[in-house]
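Asker: Here it is, the structure, as structure tokens.
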Amino acid sequence: MRLLTHNLLSSHVRGVGPRGFPLRLQATEVRINPVEFNPDFIARMIPKVEWAALLEAADTLHLVEVPKEPIQGYEHNEEFLRKMHHVLLEVEVLEGTLQCPESGRLFPISRGIPNMLLSDEETET
Amino acid sequence: MAFRGRRPELRGPPEVYYDKNEARKYVRNSRMIDVQTKMAERAVELLCVPEDKPCYVLDIGCGTGLSGDYLSDEGHYWVGIDISPAMLDEALDRDTQGDVILGDMGQGIPFKPGTFDACISISAVQWLCNANKKSDVPAKRLYCFFSSLYSVLVRGGRAVLQLYPENSEQLELITTQATRAGFTGGVVVDYPNSAKAKKFYLCLFSGPSTSIPEGLSEDTEEEKPAKSTFTAERVPYRIARRGVVRKSREWVLEKKARRRRQGKEVRPDTQYTGRKRKPRF
């Protein structure tokens with residue numbers, strides 16, 4: 001599971017709503033995977049990224065070289081875009097857990113696949 | 001896909017039907033790969049995304065990532081969600097470029113609002129129409145799915161869902177719930193006259209309503225008038241009728257032609273039409 005996906009995942013347990021974001025990440029196994037760089041896509045995804053959550057996740061994974069905030073004119077700053085590309089698309093979490101901040105519910109991650117299946121009580125109102 | 005026995009949806013829940021054997025068959029069968037890739041191609045075509053613009057796409061019921069591979073080939077980035085662990089394991093073995101999530105679409109899509117530019121689904125949504133647990137209410141699950149899908153798409157985002165509805169009631173149930181969730185759009189049917197090639201694509205728009213693309217059909221050589229032509233020409237009624245004597249054969253033929261234009265059922269014209277009958281009175 002890449003950090004871009006983690007940044008956009010939210011808990012959909014009933015009654016949690018917007019407080020189900022961001023999911024706290026705990027990783028035990030991480031892998032770096034080279035991915036082709038596409039500046040258009042990265043530039044379009046930057047506004048959607050939640051920086052606090054990204055910085056927290058990068059911190060947990062002990063990543064270096066993570067920009068602290070989007071800089072002015074980032075669409076044309078290739079260095080910035082490359083750093084974001086590395087952080088968002090090239091770092092993969094293989095084993096770990098995601099924790100819902102509101103309900104405390106844990107979603108396990110196994111072989112890079114987060115298990116977001118809910119039980120019956122959590123889906124009903 | 002011709003099923004000799006019952007539909008797969010009636011044989012059990014998807015996570016049980018798509019076990020390791022079925023998943024392996026899915027991946028090894030070249031015909032299956034061909035069909036799924038073609039449907040993914042058509043779905044992306046119906047999405048009408050601008051060329052050369054990489055999008056973040058949600059693939060619902062991604063399974064082994066066959067449709068996802070097509071999305072990657074087109075330069076898009078995608079996230080897939082599927083309920084069967086066996087199918088997702090095969091996806092991992094095939095080293096797909098998109099992330100996959102183990103989840104139940106009927107429970108909602110676990111993403112922030114406005115995440116995805118577009119969404120596709122190949123042969124998955126009809127699984128929501130069957131209740132597999134006593135607590136399942138298909139209409140509720142469908143509504144939960146569509147309303148969460150509406151929220152995770154950006155404003156003006158599109159979703160194209162290819163599905164196999166069992167009958168028209170099922171299709172109506174699905175479209176009703178989609179409309180309740182706020183979507184506009186419609187169903188595109190490809191090859192409606194062929195039993196095997198017939199495919200349903202549910203095209204949903206989350207912004208203002210736009211026109212739905214036309215379905216493919218086989219006879220594109222002849223110009224079969226599928227729609228009626230609308231002209232602004234109008235024949236002034238009284239002038240057209242001035243020359244005709246009431247109750248004459250000509251008048252009868254004209255009246256029958258008028259009723260045919262109105263779409264009513266009219267007997268065919270024969271040599272006996274408007275014939276002078278024996279005076280009975």
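All residue names refer to the structure tokens as shown: chains lettered A, B, ... in order, residues numbered from 1 in each chain, ligands numbered from 1 in order.
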Would you tabulate, counting only C-alpha atoms, all residues of chain A that have an atom at most 7 Å from an atom of chain B, showing the closest pair of atoms and their distance in Å to one decimal, sorted by chain then ascending number, as a tab-separated table?

Answerer:
```
residue	atom	partner	partner_atom	distance
A:Met1	CA	B:Asp99	CA	5.6
A:Arg2	CA	B:Asp99	CA	6.9
A:Leu8	CA	B:Lys112	CA	5.6
A:Leu9	CA	B:Phe111	CA	4.4
A:Ser10	CA	B:Phe111	CA	4.7
A:Ser11	CA	B:Pro110	CA	5.7
A:His12	CA	B:Pro110	CA	5.1
A:Phe41	CA	B:Pro54	CA	5.8
A:Ile113	CA	B:Ile101	CA	5.3
A:Pro114	CA	B:Ile101	CA	5.4
A:Asn115	CA	B:Leu102	CA	4.8
A:Met116	CA	B:Gly103	CA	4.9
A:Leu117	CA	B:Gly103	CA	4.8
A:Thr123	CA	B:Gln107	CA	6.2
```

Asker: Those residues you just picked out, can you put them in a file as a PDB file, in the first residue's frame with C-alpha atoms?

Answerer:
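File produced: again01.pdb:
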```pdb
ATOM      1  CA  MET A   1       0.000   0.000   0.000  1.00  0.00           C
ATOM      2  CA  ARG A   2       1.543   3.289  -1.072  1.00  0.00           C
ATOM      3  CA  LEU A   8      -6.592   9.271   1.146  1.00  0.00           C
ATOM      4  CA  LEU A   9      -7.943   6.296   3.112  1.00  0.00           C
ATOM      5  CA  SER A  10     -10.565   7.051   5.691  1.00  0.00           C
ATOM      6  CA  SER A  11     -12.403   4.901   8.178  1.00  0.00           C
ATOM      7  CA  HIS A  12     -15.976   4.146   7.095  1.00  0.00           C
ATOM      8  CA  PHE A  41      -0.154  13.484 -12.057  1.00  0.00           C
ATOM      9  CA  ILE A 113      -3.247  -5.183   1.186  1.00  0.00           C
ATOM     10  CA  PRO A 114      -5.145  -3.335   3.931  1.00  0.00           C
ATOM     11  CA  ASN A 115      -8.149  -5.278   5.209  1.00  0.00           C
ATOM     12  CA  MET A 116     -11.043  -2.821   5.423  1.00  0.00           C
ATOM     13  CA  LEU A 117     -13.819  -5.362   5.952  1.00  0.00           C
ATOM     14  CA  THR A 123     -21.912  -1.060   9.214  1.00  0.00           C
TER      15      THR A 123
END
```

Asker: As a ChimeraX atom specification, please: all residues of chain A that backbone DSSP puts in alpha helix (DSSP H).

Answerer: /A:3-8,39-45,51-60,78-85,120-123

Asker: If we count only C-alpha atoms and set the cut-off at 10 Å, which residues sit around segment 72-81 of chain A, ignoring sequence neighbours fewer than 3 positions away in its own chain? Please answer as a list in words.

Answerer: Phe37, Asn38, Pro39, Asp40, Phe41, Ile42, Ala43, Arg44, Ile46, Val66, Pro67, Glu69, Met84, His85, His86 and Val87 of chain A

Asker: For all heavy atoms, I'd like the residues from the last selection saved as a tab-separated table (two decimals), in the first residue's frame.

Answerer:
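The file below, out-v5.tsv, is the result:
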```tsv
chain	number	residue	atom	x	y	z
A	37	PHE	N	8.14	8.39	-13.25
A	37	PHE	CA	7.79	9.72	-12.78
A	37	PHE	C	6.88	10.43	-13.77
A	37	PHE	O	7.18	10.53	-14.94
A	37	PHE	CB	9.10	10.52	-12.58
A	37	PHE	CG	8.89	11.95	-12.19
A	37	PHE	CD1	8.23	12.28	-11.02
A	37	PHE	CD2	9.38	12.97	-12.99
A	37	PHE	CE1	8.05	13.60	-10.66
A	37	PHE	CE2	9.20	14.30	-12.64
A	37	PHE	CZ	8.54	14.61	-11.47
A	38	ASN	N	5.74	10.90	-13.28
A	38	ASN	CA	4.80	11.64	-14.12
A	38	ASN	C	4.47	12.96	-13.44
A	38	ASN	O	3.67	13.00	-12.50
A	38	ASN	CB	3.53	10.80	-14.31
A	38	ASN	CG	2.62	11.37	-15.38
A	38	ASN	OD1	2.51	12.58	-15.52
A	38	ASN	ND2	1.97	10.50	-16.12
A	39	PRO	N	5.10	14.06	-13.89
A	39	PRO	CA	4.93	15.34	-13.17
A	39	PRO	C	3.49	15.85	-13.18
A	39	PRO	O	3.04	16.42	-12.18
A	39	PRO	CB	5.86	16.31	-13.93
A	39	PRO	CG	6.16	15.65	-15.23
A	39	PRO	CD	6.02	14.19	-15.03
A	40	ASP	N	2.75	15.60	-14.29
A	40	ASP	CA	1.35	16.07	-14.35
A	40	ASP	C	0.54	15.49	-13.22
A	40	ASP	O	-0.19	16.18	-12.52
A	40	ASP	CB	0.69	15.60	-15.65
A	40	ASP	CG	1.14	16.45	-16.81
A	40	ASP	OD1	1.33	17.66	-16.59
A	40	ASP	OD2	1.31	15.90	-17.91
A	41	PHE	N	0.65	14.17	-13.06
A	41	PHE	CA	-0.15	13.48	-12.06
A	41	PHE	C	0.20	13.97	-10.66
A	41	PHE	O	-0.70	14.25	-9.86
A	41	PHE	CB	0.06	11.97	-12.19
A	41	PHE	CG	-0.74	11.19	-11.21
A	41	PHE	CD1	-2.12	11.12	-11.33
A	41	PHE	CD2	-0.14	10.53	-10.16
A	41	PHE	CE1	-2.88	10.40	-10.43
A	41	PHE	CE2	-0.90	9.81	-9.25
A	41	PHE	CZ	-2.26	9.75	-9.39
A	42	ILE	N	1.50	14.07	-10.37
A	42	ILE	CA	1.92	14.50	-9.03
A	42	ILE	C	1.41	15.91	-8.76
A	42	ILE	O	0.86	16.20	-7.68
A	42	ILE	CB	3.45	14.47	-8.89
A	42	ILE	CG1	3.97	13.06	-9.16
A	42	ILE	CG2	3.88	14.92	-7.52
A	42	ILE	CD1	3.62	12.06	-8.09
A	43	ALA	N	1.54	16.79	-9.76
A	43	ALA	CA	1.09	18.17	-9.57
A	43	ALA	C	-0.40	18.22	-9.29
A	43	ALA	O	-0.86	19.04	-8.50
A	43	ALA	CB	1.43	19.00	-10.81
A	44	ARG	N	-1.17	17.32	-9.92
A	44	ARG	CA	-2.62	17.34	-9.69
A	44	ARG	C	-3.00	16.74	-8.37
A	44	ARG	O	-4.04	17.05	-7.82
A	44	ARG	CB	-3.32	16.62	-10.84
A	44	ARG	CG	-3.48	17.53	-12.02
A	44	ARG	CD	-4.23	16.93	-13.16
A	44	ARG	NE	-5.41	16.25	-12.70
A	44	ARG	CZ	-5.66	14.96	-12.95
A	44	ARG	NH1	-4.83	14.26	-13.67
A	44	ARG	NH2	-6.74	14.40	-12.50
A	46	ILE	N	-1.14	16.95	-5.55
A	46	ILE	CA	-0.63	17.73	-4.41
A	46	ILE	C	-1.76	18.43	-3.64
A	46	ILE	O	-1.81	18.36	-2.42
A	46	ILE	CB	0.43	18.75	-4.85
A	46	ILE	CG1	1.62	18.05	-5.52
A	46	ILE	CG2	0.88	19.62	-3.71
A	46	ILE	CD1	2.70	17.59	-4.60
A	66	VAL	N	11.48	14.73	3.27
A	66	VAL	CA	10.07	14.94	2.99
A	66	VAL	C	9.78	16.44	3.09
A	66	VAL	O	10.01	17.03	4.15
A	66	VAL	CB	9.18	14.18	4.00
A	66	VAL	CG1	7.72	14.39	3.69
A	66	VAL	CG2	9.53	12.70	3.98
A	67	PRO	N	9.30	17.08	2.04
A	67	PRO	CA	9.01	18.51	2.12
A	67	PRO	C	7.95	18.79	3.19
A	67	PRO	O	6.99	18.04	3.33
A	67	PRO	CB	8.47	18.85	0.72
A	67	PRO	CG	8.90	17.73	-0.15
A	67	PRO	CD	9.05	16.54	0.71
A	69	GLU	N	5.88	21.37	3.43
A	69	GLU	CA	4.62	21.95	2.95
A	69	GLU	C	4.78	22.24	1.46
A	69	GLU	O	5.90	22.34	0.96
A	69	GLU	CB	4.33	23.25	3.69
A	69	GLU	CG	5.44	24.27	3.54
A	69	GLU	CD	5.22	25.49	4.39
A	69	GLU	OE1	4.30	25.49	5.22
A	69	GLU	OE2	5.96	26.44	4.20
A	84	MET	N	8.24	14.51	-3.91
A	84	MET	CA	6.87	14.09	-3.59
A	84	MET	C	6.55	12.77	-4.26
A	84	MET	O	5.90	11.90	-3.68
A	84	MET	CB	5.86	15.15	-4.06
A	84	MET	CG	5.88	16.42	-3.29
A	84	MET	SD	5.84	16.15	-1.50
A	84	MET	CE	4.31	15.30	-1.29
A	85	HIS	N	7.02	12.61	-5.50
A	85	HIS	CA	6.80	11.35	-6.21
A	85	HIS	C	7.39	10.18	-5.44
A	85	HIS	O	6.77	9.14	-5.26
A	85	HIS	CB	7.41	11.46	-7.61
A	85	HIS	CG	7.48	10.16	-8.34
A	85	HIS	ND1	6.42	9.66	-9.06
A	85	HIS	CD2	8.47	9.25	-8.46
A	85	HIS	CE1	6.77	8.51	-9.60
A	85	HIS	NE2	8.00	8.22	-9.25
A	86	HIS	N	8.61	10.39	-4.92
A	86	HIS	CA	9.26	9.32	-4.17
A	86	HIS	C	8.47	8.99	-2.91
A	86	HIS	O	8.20	7.83	-2.61
A	86	HIS	CB	10.69	9.71	-3.80
A	86	HIS	CG	11.36	8.71	-2.93
A	86	HIS	ND1	11.88	7.53	-3.41
A	86	HIS	CD2	11.57	8.67	-1.59
A	86	HIS	CE1	12.39	6.83	-2.42
A	86	HIS	NE2	12.22	7.49	-1.29
A	87	VAL	N	8.04	10.02	-2.20
A	87	VAL	CA	7.33	9.79	-0.94
A	87	VAL	C	5.97	9.16	-1.17
A	87	VAL	O	5.57	8.22	-0.50
A	87	VAL	CB	7.16	11.13	-0.17
A	87	VAL	CG1	6.24	10.95	1.01
A	87	VAL	CG2	8.49	11.66	0.26
```

Asker: Considering only C-alpha atoms, return as a PyMOL selection string whatever protein or nucleic-acid residues lie within 6 Å of segment 64-70 of chain B, sequence-local ones (same chain, fewer than 6 positions apart) excluded.

Answerer: chain B and resi 37+40+87-88+90-91

Asker: I need the chosen residues saved as a short mmCIF file (atom, residue, chain, number, x, y, z; two decimals), in the first residue's frame, with N, CA, C and O atoms.

Answerer:
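again_6.cif, freshly written:
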```
data_model
loop_
_atom_site.label_atom_id
_atom_site.label_comp_id
_atom_site.auth_asym_id
_atom_site.auth_seq_id
_atom_site.Cartn_x
_atom_site.Cartn_y
_atom_site.Cartn_z
N THR B 37 -10.45 -7.52 -20.71
CA THR B 37 -9.69 -6.36 -21.21
C THR B 37 -10.54 -5.55 -22.18
O THR B 37 -10.54 -4.32 -22.13
N ALA B 40 -12.94 -3.53 -20.19
CA ALA B 40 -12.24 -2.42 -19.54
C ALA B 40 -11.99 -1.31 -20.55
O ALA B 40 -12.17 -0.12 -20.25
N MET B 87 -8.57 -13.72 -5.03
CA MET B 87 -8.38 -12.93 -6.25
C MET B 87 -7.30 -11.88 -6.04
O MET B 87 -6.48 -11.62 -6.92
N LEU B 88 -7.28 -11.27 -4.85
CA LEU B 88 -6.28 -10.23 -4.60
C LEU B 88 -4.88 -10.84 -4.51
O LEU B 88 -3.90 -10.21 -4.92
N GLU B 90 -3.84 -13.34 -6.30
CA GLU B 90 -3.42 -13.46 -7.70
C GLU B 90 -2.98 -12.12 -8.26
O GLU B 90 -2.03 -12.04 -9.03
N ALA B 91 -3.68 -11.06 -7.85
CA ALA B 91 -3.31 -9.72 -8.32
C ALA B 91 -1.90 -9.38 -7.86
O ALA B 91 -1.11 -8.80 -8.62
#
```

Asker: Report as a list in words: the residues of chain A with a DSSP assignment of strand (DSSP E), based on the backbone of this structure.

Answerer: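 Secondary structure check on chain A, strand (DSSP E): Arg24, Leu25, Gln26, Ala27, Thr28, Glu29, Val30, Arg31, Ile32, Val91, Glu92, Val93, Leu94, Glu95, Gly96, Thr97, Leu98, Gln99, Leu106, Phe107, Pro108, Ile109, Ser110, Ile113 and Pro114 of chain A.
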
Asker: For those residues, write N, CA, C and O atoms to a file as a CSV table (one decimal), in the first residue's frame.

Answerer:
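File produced: out-v4.csv:
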```
chain,number,residue,atom,x,y,z
A,24,ARG,N,-4.1,6.3,11.5
A,24,ARG,CA,-2.7,6.3,12.0
A,24,ARG,C,-2.0,5.0,11.5
A,24,ARG,O,-2.5,3.9,11.7
A,25,LEU,N,-0.9,5.2,11.0
A,25,LEU,CA,-0.1,4.1,10.3
A,25,LEU,C,1.0,3.6,11.2
A,25,LEU,O,1.7,4.3,11.8
A,26,GLN,N,1.0,2.2,11.4
A,26,GLN,CA,2.1,1.6,12.1
A,26,GLN,C,2.7,0.6,11.1
A,26,GLN,O,1.9,-0.3,10.7
A,27,ALA,N,3.9,0.6,10.8
A,27,ALA,CA,4.4,-0.3,9.7
A,27,ALA,C,5.6,-1.1,10.3
A,27,ALA,O,6.4,-0.6,11.0
A,28,THR,N,5.5,-2.4,10.0
A,28,THR,CA,6.6,-3.3,10.4
A,28,THR,C,7.5,-3.7,9.2
A,28,THR,O,8.6,-4.1,9.4
A,29,GLU,N,6.9,-3.6,8.0
A,29,GLU,CA,7.7,-4.0,6.8
A,29,GLU,C,7.4,-3.0,5.7
A,29,GLU,O,6.3,-2.7,5.4
A,30,VAL,N,8.5,-2.4,5.2
A,30,VAL,CA,8.4,-1.3,4.2
A,30,VAL,C,9.2,-1.7,3.0
A,30,VAL,O,10.3,-2.4,3.2
A,31,ARG,N,8.8,-1.3,1.8
A,31,ARG,CA,9.7,-1.6,0.6
A,31,ARG,C,9.7,-0.4,-0.3
A,31,ARG,O,8.7,0.3,-0.4
A,32,ILE,N,10.8,-0.2,-0.9
A,32,ILE,CA,10.9,1.0,-1.9
A,32,ILE,C,10.9,0.4,-3.3
A,32,ILE,O,11.6,-0.5,-3.6
A,91,VAL,N,7.2,4.5,-1.9
A,91,VAL,CA,7.3,3.8,-0.6
A,91,VAL,C,6.1,3.0,-0.4
A,91,VAL,O,5.0,3.5,-0.4
A,92,GLU,N,6.3,1.7,-0.2
A,92,GLU,CA,5.2,0.8,0.0
A,92,GLU,C,5.2,0.1,1.3
A,92,GLU,O,6.3,-0.3,1.7
A,93,VAL,N,4.1,0.1,2.0
A,93,VAL,CA,4.0,-0.6,3.3
A,93,VAL,C,3.5,-2.0,3.1
A,93,VAL,O,2.4,-2.2,2.5
A,94,LEU,N,4.3,-3.0,3.5
A,94,LEU,CA,3.9,-4.4,3.2
A,94,LEU,C,3.2,-5.0,4.4
A,94,LEU,O,2.2,-5.7,4.3
A,95,GLU,N,3.6,-4.7,5.6
A,95,GLU,CA,3.0,-5.3,6.8
A,95,GLU,C,2.8,-4.1,7.8
A,95,GLU,O,3.7,-3.3,8.0
A,96,GLY,N,1.7,-4.1,8.5
A,96,GLY,CA,1.5,-3.1,9.5
A,96,GLY,C,0.0,-3.0,9.9
A,96,GLY,O,-0.8,-4.0,9.6
A,97,THR,N,-0.4,-1.9,10.5
A,97,THR,CA,-1.8,-1.7,10.9
A,97,THR,C,-2.2,-0.2,10.6
A,97,THR,O,-1.3,0.7,10.6
A,98,LEU,N,-3.5,0.0,10.5
A,98,LEU,CA,-4.0,1.3,10.4
A,98,LEU,C,-5.0,1.4,11.5
A,98,LEU,O,-5.8,0.5,11.8
A,99,GLN,N,-4.9,2.6,12.2
A,99,GLN,CA,-5.9,2.7,13.3
A,99,GLN,C,-6.8,3.9,13.1
A,99,GLN,O,-6.4,5.0,12.8
A,106,LEU,N,-8.7,-1.3,14.6
A,106,LEU,CA,-7.4,-1.5,13.9
A,106,LEU,C,-7.8,-2.3,12.5
A,106,LEU,O,-8.5,-3.2,12.5
A,107,PHE,N,-7.2,-1.7,11.4
A,107,PHE,CA,-7.3,-2.4,10.2
A,107,PHE,C,-5.9,-3.0,9.8
A,107,PHE,O,-4.9,-2.3,9.7
A,108,PRO,N,-5.8,-4.3,9.7
A,108,PRO,CA,-4.4,-4.9,9.5
A,108,PRO,C,-4.0,-4.7,8.0
A,108,PRO,O,-4.9,-4.7,7.2
A,109,ILE,N,-2.7,-4.6,7.8
A,109,ILE,CA,-2.2,-4.6,6.4
A,109,ILE,C,-1.4,-5.9,6.3
A,109,ILE,O,-0.4,-6.1,7.0
A,110,SER,N,-1.7,-6.7,5.3
A,110,SER,CA,-0.9,-7.9,5.1
A,110,SER,C,-0.6,-8.1,3.6
A,110,SER,O,-1.4,-7.9,2.7
A,113,ILE,N,-1.8,-5.4,1.4
A,113,ILE,CA,-3.2,-5.2,1.2
A,113,ILE,C,-3.9,-4.9,2.5
A,113,ILE,O,-3.9,-5.7,3.4
A,114,PRO,N,-4.4,-3.6,2.7
A,114,PRO,CA,-5.1,-3.3,3.9
A,114,PRO,C,-6.5,-4.0,3.9
A,114,PRO,O,-7.2,-4.1,2.9
```

Asker: Record the distance separating atom CA of Pro34 of chain A and atom CA of Thr96 of chain B, expressed in Å with one decimal.

Answerer: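 If I compute the distance from atom CA of Pro34 of chain A to atom CA of Thr96 of chain B, I get 13.4 Å.
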
Asker: Could you tell me how far atom CA of Ala159 of chain B sits from atom CA of Ser119 of chain A, in Å to one decimal place?

Answerer: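 Spanning atom CA of Ser119 of chain A to atom CA of Ala159 of chain B is a straight-line distance of 27.1 Å.
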
Asker: Just the number, please: distance in Å from atom CA of Ala181 of chain B to atom CA of Met39 of chain B, one decimal.

Answerer: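 Separating atom CA of Ala181 of chain B from atom CA of Met39 of chain B is a distance of 25.2 Å.
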
Asker: Name all residues at most 6 Å from segment 184-191 of chain B (count only C-alpha atoms; drop same-chain ones fewer than 2 positions away) and give them as a count of residues only.

Answerer: 14

Asker: Counting only C-alpha atoms, figure out which residue out of B:Ser248, B:Ser168, B:Gln126, B:Ser121 gets nearest to Arg277 of chain B.

Answerer: B:Ser248

Asker: When distances are computed from only C-alpha atoms, which of B:Gly63, B:Ser72, B:Arg94, B:Ile33 shows the smallest separation from Glu36 of chain A?

Answerer: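 Smallest separation from Glu36 of chain A among the options: B:Ser72.
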